[in-house]
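Novice: Handing over query-v7.cif, mmCIF, C-alpha atoms.
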data_query
loop_
_atom_site.label_atom_id
_atom_site.label_comp_id
_atom_site.auth_asym_id
_atom_site.auth_seq_id
_atom_site.Cartn_x
_atom_site.Cartn_y
_atom_site.Cartn_z
CA MET A 1 24.20 13.73 -20.94
CA ARG A 2 21.28 13.49 -18.54
CA HIS A 3 19.94 16.61 -16.93
CA VAL A 4 19.03 16.65 -13.25
CA ARG A 5 15.56 17.99 -12.56
CA ALA A 6 15.72 21.26 -10.65
CA ASP A 7 12.03 21.39 -9.87
CA GLY A 8 11.96 19.40 -6.63
CA TYR A 9 11.19 15.93 -7.96
CA PRO A 10 14.40 14.24 -6.71
CA GLU A 11 13.84 15.60 -3.19
CA PHE A 12 10.19 14.57 -3.23
CA ALA A 13 11.00 11.07 -4.49
CA ALA A 14 13.73 10.58 -1.91
CA ALA A 15 11.51 11.79 0.92
CA ARG A 16 8.43 9.72 -0.05
CA ALA A 17 9.97 6.49 -1.36
CA GLY A 18 10.22 4.86 2.08
CA HIS A 19 6.63 5.60 2.99
CA LEU A 20 5.38 4.46 -0.41
CA TYR A 21 7.37 1.23 -0.02
CA ARG A 22 5.87 0.51 3.41
CA SER A 23 2.37 1.12 2.07
CA ALA A 24 3.09 -1.08 -0.95
CA CYS A 25 4.32 -3.88 1.33
CA LEU A 26 1.03 -3.75 3.21
CA LEU A 27 -0.99 -3.66 0.00
CA THR A 28 0.86 -6.66 -1.45
CA GLY A 29 0.63 -8.68 1.73
CA GLY A 30 4.37 -8.69 2.28
CA ASP A 31 5.52 -9.31 -1.30
CA THR A 32 8.56 -7.06 -1.15
CA HIS A 33 9.50 -7.57 -4.79
CA LEU A 34 6.07 -6.53 -6.04
CA ALA A 35 6.11 -3.64 -3.56
CA GLU A 36 9.38 -2.40 -5.06
CA ASP A 37 7.91 -2.70 -8.56
CA LEU A 38 4.81 -0.74 -7.56
CA VAL A 39 6.88 2.04 -5.99
CA GLN A 40 9.08 2.17 -9.08
CA GLU A 41 5.99 2.41 -11.30
CA THR A 42 4.48 5.09 -9.07
CA LEU A 43 7.61 7.21 -9.07
CA GLY A 44 7.93 6.80 -12.83
CA ARG A 45 4.39 8.00 -13.40
CA LEU A 46 4.97 10.94 -11.06
CA TYR A 47 8.17 11.86 -12.89
CA VAL A 48 6.32 12.11 -16.18
CA LYS A 49 3.59 14.31 -14.72
CA TRP A 50 5.67 16.16 -12.14
CA GLY A 51 5.02 19.57 -13.71
CA ARG A 52 1.31 19.25 -12.91
CA VAL A 53 1.65 17.14 -9.78
CA SER A 54 4.03 19.58 -8.09
CA ARG A 55 1.39 22.30 -8.40
CA VAL A 56 -1.34 20.33 -6.59
CA GLY A 57 -1.81 20.96 -2.92
CA ASN A 58 -0.85 17.45 -1.82
CA PRO A 59 1.65 15.64 -4.06
CA ALA A 60 2.17 12.98 -1.37
CA GLY A 61 -1.54 12.16 -1.46
CA TYR A 62 -1.41 12.05 -5.23
CA ALA A 63 1.52 9.63 -5.04
CA GLN A 64 -0.41 7.37 -2.66
CA THR A 65 -3.38 7.41 -5.03
CA VAL A 66 -1.15 6.44 -7.95
CA LEU A 67 0.37 3.63 -5.85
CA THR A 68 -3.02 2.24 -4.84
CA ARG A 69 -4.35 2.38 -8.38
CA ALA A 70 -1.20 0.70 -9.71
CA PHE A 71 -1.70 -2.08 -7.13
CA LEU A 72 -5.36 -2.56 -8.05
CA ALA A 73 -4.52 -2.58 -11.77
CA HIS A 74 -1.85 -5.21 -11.12
CA GLN A 75 -4.36 -7.36 -9.25
CA ARG A 76 -6.74 -7.28 -12.22
CA ARG A 77 -4.11 -8.76 -14.53
CA ARG A 78 -4.25 -12.51 -14.97
CA SER A 79 -0.53 -12.84 -14.28
CA SER A 80 -0.87 -11.16 -10.89
CA THR A 81 -1.84 -14.46 -9.27
CA GLU A 82 1.52 -16.03 -10.13
CA ARG A 83 3.94 -16.04 -7.24
CA ALA A 84 7.40 -17.45 -7.01
CA THR A 85 6.86 -18.19 -3.33
CA ASP A 86 4.17 -17.62 -0.76
CA THR A 87 6.57 -16.91 2.09
CA PHE A 88 8.79 -13.99 2.79
CA PRO A 89 11.89 -13.80 4.94
CA ASP A 90 11.47 -13.27 8.64
CA LEU A 91 13.81 -10.33 9.01
CA PRO A 92 14.51 -9.04 12.49
CA ASP A 93 12.97 -5.73 13.40
CA PRO A 94 15.74 -3.21 14.05
CA ARG A 95 13.88 -2.13 17.17
CA GLY A 96 13.32 -5.80 18.06
CA ALA A 97 9.90 -5.19 19.60
CA ASP A 98 6.95 -6.33 17.53
CA THR A 99 8.18 -8.73 14.84
CA PRO A 100 5.71 -11.58 15.60
CA LEU A 101 2.76 -9.18 15.68
CA ARG A 102 3.87 -7.45 12.48
CA LEU A 103 4.36 -10.75 10.63
CA THR A 104 0.98 -12.01 11.82
CA LEU A 105 -0.75 -8.84 10.64
CA VAL A 106 0.99 -8.88 7.24
CA GLN A 107 0.10 -12.55 6.76
CA ALA A 108 -3.54 -11.85 7.66
CA LEU A 109 -3.62 -8.88 5.26
CA ALA A 110 -2.23 -11.13 2.52
CA GLN A 111 -5.26 -13.39 2.87
CA LEU A 112 -7.71 -10.57 2.16
CA PRO A 113 -8.88 -9.81 -1.38
CA ALA A 114 -6.98 -6.97 -3.06
CA LYS A 115 -9.70 -4.33 -2.72
CA ASP A 116 -10.26 -5.19 0.95
CA ARG A 117 -6.52 -4.88 1.55
CA ALA A 118 -6.49 -1.52 -0.21
CA VAL A 119 -9.38 -0.23 1.92
CA ILE A 120 -7.68 -1.31 5.15
CA VAL A 121 -4.33 0.22 4.17
CA LEU A 122 -5.87 3.49 3.01
CA ARG A 123 -8.23 3.89 5.96
CA TYR A 124 -6.02 2.70 8.82
CA TRP A 125 -2.40 2.89 7.64
CA GLU A 126 -2.73 6.08 5.58
CA ASP A 127 -5.43 7.46 7.94
CA ARG A 128 -7.61 8.63 5.06
CA SER A 129 -11.28 9.49 5.34
CA VAL A 130 -14.00 7.37 3.76
CA GLU A 131 -14.45 9.99 1.04
CA GLU A 132 -10.73 10.14 0.24
CA THR A 133 -10.56 6.35 0.11
CA ALA A 134 -13.60 6.24 -2.16
CA ASP A 135 -11.97 8.76 -4.48
CA VAL A 136 -8.73 6.77 -4.68
CA MET A 137 -10.57 3.52 -5.35
CA ASN A 138 -13.13 5.01 -7.75
CA ALA A 139 -15.97 3.75 -5.57
CA SER A 140 -18.82 5.27 -3.62
CA SER A 141 -18.49 6.14 0.06
CA ALA A 142 -21.10 3.53 0.91
CA ALA A 143 -19.13 0.86 -0.94
CA VAL A 144 -15.98 1.81 0.97
CA ARG A 145 -17.79 1.66 4.33
CA THR A 146 -19.29 -1.72 3.47
CA ARG A 147 -15.97 -3.11 2.23
CA CYS A 148 -14.21 -1.76 5.32
CA VAL A 149 -16.65 -3.45 7.72
CA ARG A 150 -16.37 -6.74 5.85
CA ALA A 151 -12.57 -6.56 5.68
CA LEU A 152 -12.26 -5.82 9.40
CA THR A 153 -14.62 -8.69 10.19
CA ARG A 154 -12.52 -11.02 8.05
CA LEU A 155 -9.31 -9.81 9.73
CA ARG A 156 -10.82 -10.50 13.15
CA GLU A 157 -11.73 -14.01 12.00
CA LEU A 158 -8.20 -14.59 10.73
CA LEU A 159 -6.46 -13.12 13.77
CA GLY A 160 -8.76 -14.31 16.51
CA GLU A 161 -9.78 -12.25 19.47
CA ASP A 162 -6.49 -12.19 21.39
CA LEU A 163 -3.54 -10.58 19.66
CA GLY A 164 -1.73 -10.27 22.98
CA GLU A 165 0.10 -13.55 22.45
CA TYR A 166 1.97 -11.97 19.51
CA ALA A 167 2.92 -8.76 21.26
CA ALA A 168 6.31 -8.51 22.92
CA PRO A 169 6.24 -8.63 26.73
#
Any chance you could put this one into structure tokens?
Specialist:
Amino acid sequence: MRHVRADGYPEFAAARAGHLYRSACLLTGGDTHLAEDLVQETLGRLYVKWGRVSRVGNPAGYAQTVLTRAFLAHQRRRSSTERATDTFPDLPDPRGADTPLRLTLVQALAQLPAKDRAVIVLRYWEDRSVEETADVMNASSAAVRTRCVRALTRLRELLGEDLGEYAAP
């Protein structure tokens, strides 16, 4: 018979899974299946090390670091370039407000290289500092700043100057 962990892992996993999934969707450029796999892998790794992770000051930050590193490791694998399809379903936003803008941003993120995508998600979605992002990506702060500038420039090229046409009236 399986034992239920009494040390807070189930509550942590339930509380963070949604946020990890949203971050993974951004990292993968909208590949929801890969995002689910990355979240599953992240939560599995956390489960194994939960005794140590639960004692750190920021287990949510640790989980995000594991997710980002799992994504970057996946991108390094040769098989990571195989995709069943390059489109994803256009699901309606429950709030109904910004679906075209969201889809446009996700599609533009999908066109960035993996490390550029990771920098953008960590810096602007996760609101991490340059130093925190550098630590997660095992890079120097200067490399993160440079990659961030280049990634934002590329996003501006992909999106154009006027995003207002995508925003809901």
Novice: Taking the file above as input, evaluate the PyMOL selection byres ((chain A and resi 30-34) around 9) and report the hits as a PyMOL selection string.
Specialist: chain A and resi 21+24-29+35-39+86-88+103+106-107+109-110
Novice: Can you translate the PyMOL selection byres ((chain A and resi 62-72) around 10) into the concrete residues it hits in this file, as number ranges by chain?
Specialist: A: 13, 16-17, 19-21, 23-24, 27-28, 34-35, 37-43, 45-46, 53-54, 56-61, 73-77, 80, 114-115, 117-119, 121-122, 126, 132-133, 135-138
Novice: Tell me which residues the PyMOL selection byres ((chain A and resi 159) around 10) grabs here, as a PyMOL selection string.
Specialist: chain A and resi 104-105+107-109+153-158+160-163
Novice: Which value, in Å to one decimal, gives the distance between atom CA of Val149 of chain A and atom CA of Pro100 of chain A?
Specialist: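 Computed distance, atom CA of Val149 of chain A to atom CA of Pro100 of chain A, equals 25.1 Å.
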Novice: What is the distance, in Å and to one decimal place, between atom CA of Gly18 of chain A and atom CA of Trp50 of chain A?
Specialist: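 Those two atoms sit 18.7 Å apart.
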Novice: Find the distance between atom CA of Arg128 of chain A and atom CA of Glu11 of chain A and write it in Å to one decimal.
Specialist: 24.0 Å
Novice: Report, as lines of an AutoDock Vina configuration file, the axis-aligned box around all atoms of segment 10-19 of chain A present in the file, extended by 5 Å on each side; give centre and edge lengths in Å to one decimal place.
Specialist:
center_x = 10.5
center_y = 10.2
center_z = -1.9
size_x = 17.8
size_y = 20.7
size_z = 19.7
Novice: Would you mind telling me which residue in A:Ala15, A:Gly51, A:Pro113, A:Val130 lies nearest to Ala142 of chain A when using all atoms listed in the file?
Specialist: A:Val130
Novice: When distances are computed from only C-alpha atoms, which of A:Arg52, A:Arg102, A:Arg147, A:Arg22 shows the smallest separation from Arg123 of chain A?
Specialist: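 Looking at the shortest contact to Arg123 of chain A, the residue is A:Arg147.
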Novice: Rebuild segment 51-62 of chain A so that it carries all heavy atoms, then output the result as a PDB file, in the frame of the given file.
Specialist:
ATOM      1  N   GLY A  51       5.357  18.167 -13.501  1.00  0.00           N
ATOM      2  CA  GLY A  51       5.020  19.570 -13.710  1.00  0.00           C
ATOM      3  C   GLY A  51       3.639  19.908 -13.172  1.00  0.00           C
ATOM      4  O   GLY A  51       3.443  20.923 -12.507  1.00  0.00           O
ATOM      5  N   ARG A  52       2.670  19.031 -13.427  1.00  0.00           N
ATOM      6  CA  ARG A  52       1.310  19.250 -12.910  1.00  0.00           C
ATOM      7  C   ARG A  52       1.185  18.815 -11.459  1.00  0.00           C
ATOM      8  O   ARG A  52       0.545  19.485 -10.663  1.00  0.00           O
ATOM      9  CB  ARG A  52       0.295  18.476 -13.752  1.00  0.00           C
ATOM     10  CG  ARG A  52      -0.004  19.135 -15.076  1.00  0.00           C
ATOM     11  CD  ARG A  52      -1.087  18.401 -15.795  1.00  0.00           C
ATOM     12  NE  ARG A  52      -0.581  17.057 -16.109  1.00  0.00           N
ATOM     13  CZ  ARG A  52      -1.276  16.097 -16.647  1.00  0.00           C
ATOM     14  NH1 ARG A  52      -2.525  16.283 -16.945  1.00  0.00           N
ATOM     15  NH2 ARG A  52      -0.744  14.927 -16.918  1.00  0.00           N
ATOM     16  N   VAL A  53       1.782  17.681 -11.129  1.00  0.00           N
ATOM     17  CA  VAL A  53       1.650  17.140  -9.780  1.00  0.00           C
ATOM     18  C   VAL A  53       2.244  18.081  -8.737  1.00  0.00           C
ATOM     19  O   VAL A  53       1.685  18.255  -7.657  1.00  0.00           O
ATOM     20  CB  VAL A  53       2.334  15.745  -9.682  1.00  0.00           C
ATOM     21  CG1 VAL A  53       2.386  15.251  -8.255  1.00  0.00           C
ATOM     22  CG2 VAL A  53       1.609  14.755 -10.568  1.00  0.00           C
ATOM     23  N   SER A  54       3.362  18.694  -9.059  1.00  0.00           N
ATOM     24  CA  SER A  54       4.030  19.580  -8.090  1.00  0.00           C
ATOM     25  C   SER A  54       3.181  20.809  -7.774  1.00  0.00           C
ATOM     26  O   SER A  54       3.394  21.442  -6.744  1.00  0.00           O
ATOM     27  CB  SER A  54       5.403  19.996  -8.607  1.00  0.00           C
ATOM     28  OG  SER A  54       5.295  20.732  -9.805  1.00  0.00           O
ATOM     29  N   ARG A  55       2.242  21.131  -8.642  1.00  0.00           N
ATOM     30  CA  ARG A  55       1.390  22.300  -8.400  1.00  0.00           C
ATOM     31  C   ARG A  55       0.150  21.964  -7.587  1.00  0.00           C
ATOM     32  O   ARG A  55      -0.529  22.870  -7.116  1.00  0.00           O
ATOM     33  CB  ARG A  55       0.988  22.927  -9.731  1.00  0.00           C
ATOM     34  CG  ARG A  55       2.163  23.608 -10.434  1.00  0.00           C
ATOM     35  CD  ARG A  55       1.715  24.425 -11.629  1.00  0.00           C
ATOM     36  NE  ARG A  55       1.042  23.622 -12.644  1.00  0.00           N
ATOM     37  CZ  ARG A  55       1.630  23.114 -13.720  1.00  0.00           C
ATOM     38  NH1 ARG A  55       2.915  23.306 -13.917  1.00  0.00           N
ATOM     39  NH2 ARG A  55       0.942  22.408 -14.594  1.00  0.00           N
ATOM     40  N   VAL A  56      -0.183  20.688  -7.410  1.00  0.00           N
ATOM     41  CA  VAL A  56      -1.340  20.330  -6.590  1.00  0.00           C
ATOM     42  C   VAL A  56      -1.002  20.547  -5.135  1.00  0.00           C
ATOM     43  O   VAL A  56       0.165  20.579  -4.746  1.00  0.00           O
ATOM     44  CB  VAL A  56      -1.828  18.874  -6.835  1.00  0.00           C
ATOM     45  CG1 VAL A  56      -2.238  18.667  -8.264  1.00  0.00           C
ATOM     46  CG2 VAL A  56      -0.797  17.877  -6.392  1.00  0.00           C
ATOM     47  N   GLY A  57      -2.017  20.671  -4.338  1.00  0.00           N
ATOM     48  CA  GLY A  57      -1.810  20.960  -2.920  1.00  0.00           C
ATOM     49  C   GLY A  57      -1.181  19.825  -2.132  1.00  0.00           C
ATOM     50  O   GLY A  57      -0.542  20.061  -1.124  1.00  0.00           O
ATOM     51  N   ASN A  58      -1.321  18.584  -2.597  1.00  0.00           N
ATOM     52  CA  ASN A  58      -0.850  17.450  -1.820  1.00  0.00           C
ATOM     53  C   ASN A  58      -0.205  16.408  -2.737  1.00  0.00           C
ATOM     54  O   ASN A  58      -0.820  15.389  -3.033  1.00  0.00           O
ATOM     55  CB  ASN A  58      -2.026  16.845  -1.048  1.00  0.00           C
ATOM     56  CG  ASN A  58      -1.601  15.740  -0.116  1.00  0.00           C
ATOM     57  OD1 ASN A  58      -0.424  15.486   0.076  1.00  0.00           O
ATOM     58  ND2 ASN A  58      -2.580  15.076   0.476  1.00  0.00           N
ATOM     59  N   PRO A  59       1.031  16.624  -3.168  1.00  0.00           N
ATOM     60  CA  PRO A  59       1.650  15.640  -4.060  1.00  0.00           C
ATOM     61  C   PRO A  59       1.859  14.289  -3.385  1.00  0.00           C
ATOM     62  O   PRO A  59       1.841  13.253  -4.049  1.00  0.00           O
ATOM     63  CB  PRO A  59       2.978  16.288  -4.456  1.00  0.00           C
ATOM     64  CG  PRO A  59       3.174  17.449  -3.576  1.00  0.00           C
ATOM     65  CD  PRO A  59       1.865  17.800  -2.961  1.00  0.00           C
ATOM     66  N   ALA A  60       2.021  14.259  -2.071  1.00  0.00           N
ATOM     67  CA  ALA A  60       2.170  12.980  -1.370  1.00  0.00           C
ATOM     68  C   ALA A  60       0.876  12.174  -1.453  1.00  0.00           C
ATOM     69  O   ALA A  60       0.902  10.958  -1.650  1.00  0.00           O
ATOM     70  CB  ALA A  60       2.556  13.224   0.085  1.00  0.00           C
ATOM     71  N   GLY A  61      -0.248  12.826  -1.309  1.00  0.00           N
ATOM     72  CA  GLY A  61      -1.540  12.160  -1.460  1.00  0.00           C
ATOM     73  C   GLY A  61      -1.749  11.655  -2.872  1.00  0.00           C
ATOM     74  O   GLY A  61      -2.279  10.560  -3.088  1.00  0.00           O
ATOM     75  N   TYR A  62      -1.316  12.452  -3.831  1.00  0.00           N
ATOM     76  CA  TYR A  62      -1.410  12.050  -5.230  1.00  0.00           C
ATOM     77  C   TYR A  62      -0.554  10.808  -5.473  1.00  0.00           C
ATOM     78  O   TYR A  62      -0.976   9.866  -6.146  1.00  0.00           O
ATOM     79  CB  TYR A  62      -0.958  13.195  -6.140  1.00  0.00           C
ATOM     80  CG  TYR A  62      -1.131  12.907  -7.607  1.00  0.00           C
ATOM     81  CD1 TYR A  62      -2.333  13.173  -8.247  1.00  0.00           C
ATOM     82  CD2 TYR A  62      -0.094  12.372  -8.352  1.00  0.00           C
ATOM     83  CE1 TYR A  62      -2.489  12.909  -9.599  1.00  0.00           C
ATOM     84  CE2 TYR A  62      -0.233  12.101  -9.700  1.00  0.00           C
ATOM     85  CZ  TYR A  62      -1.437  12.370 -10.321  1.00  0.00           C
ATOM     86  OH  TYR A  62      -1.598  12.103 -11.653  1.00  0.00           O
TER      87      TYR A  62
END
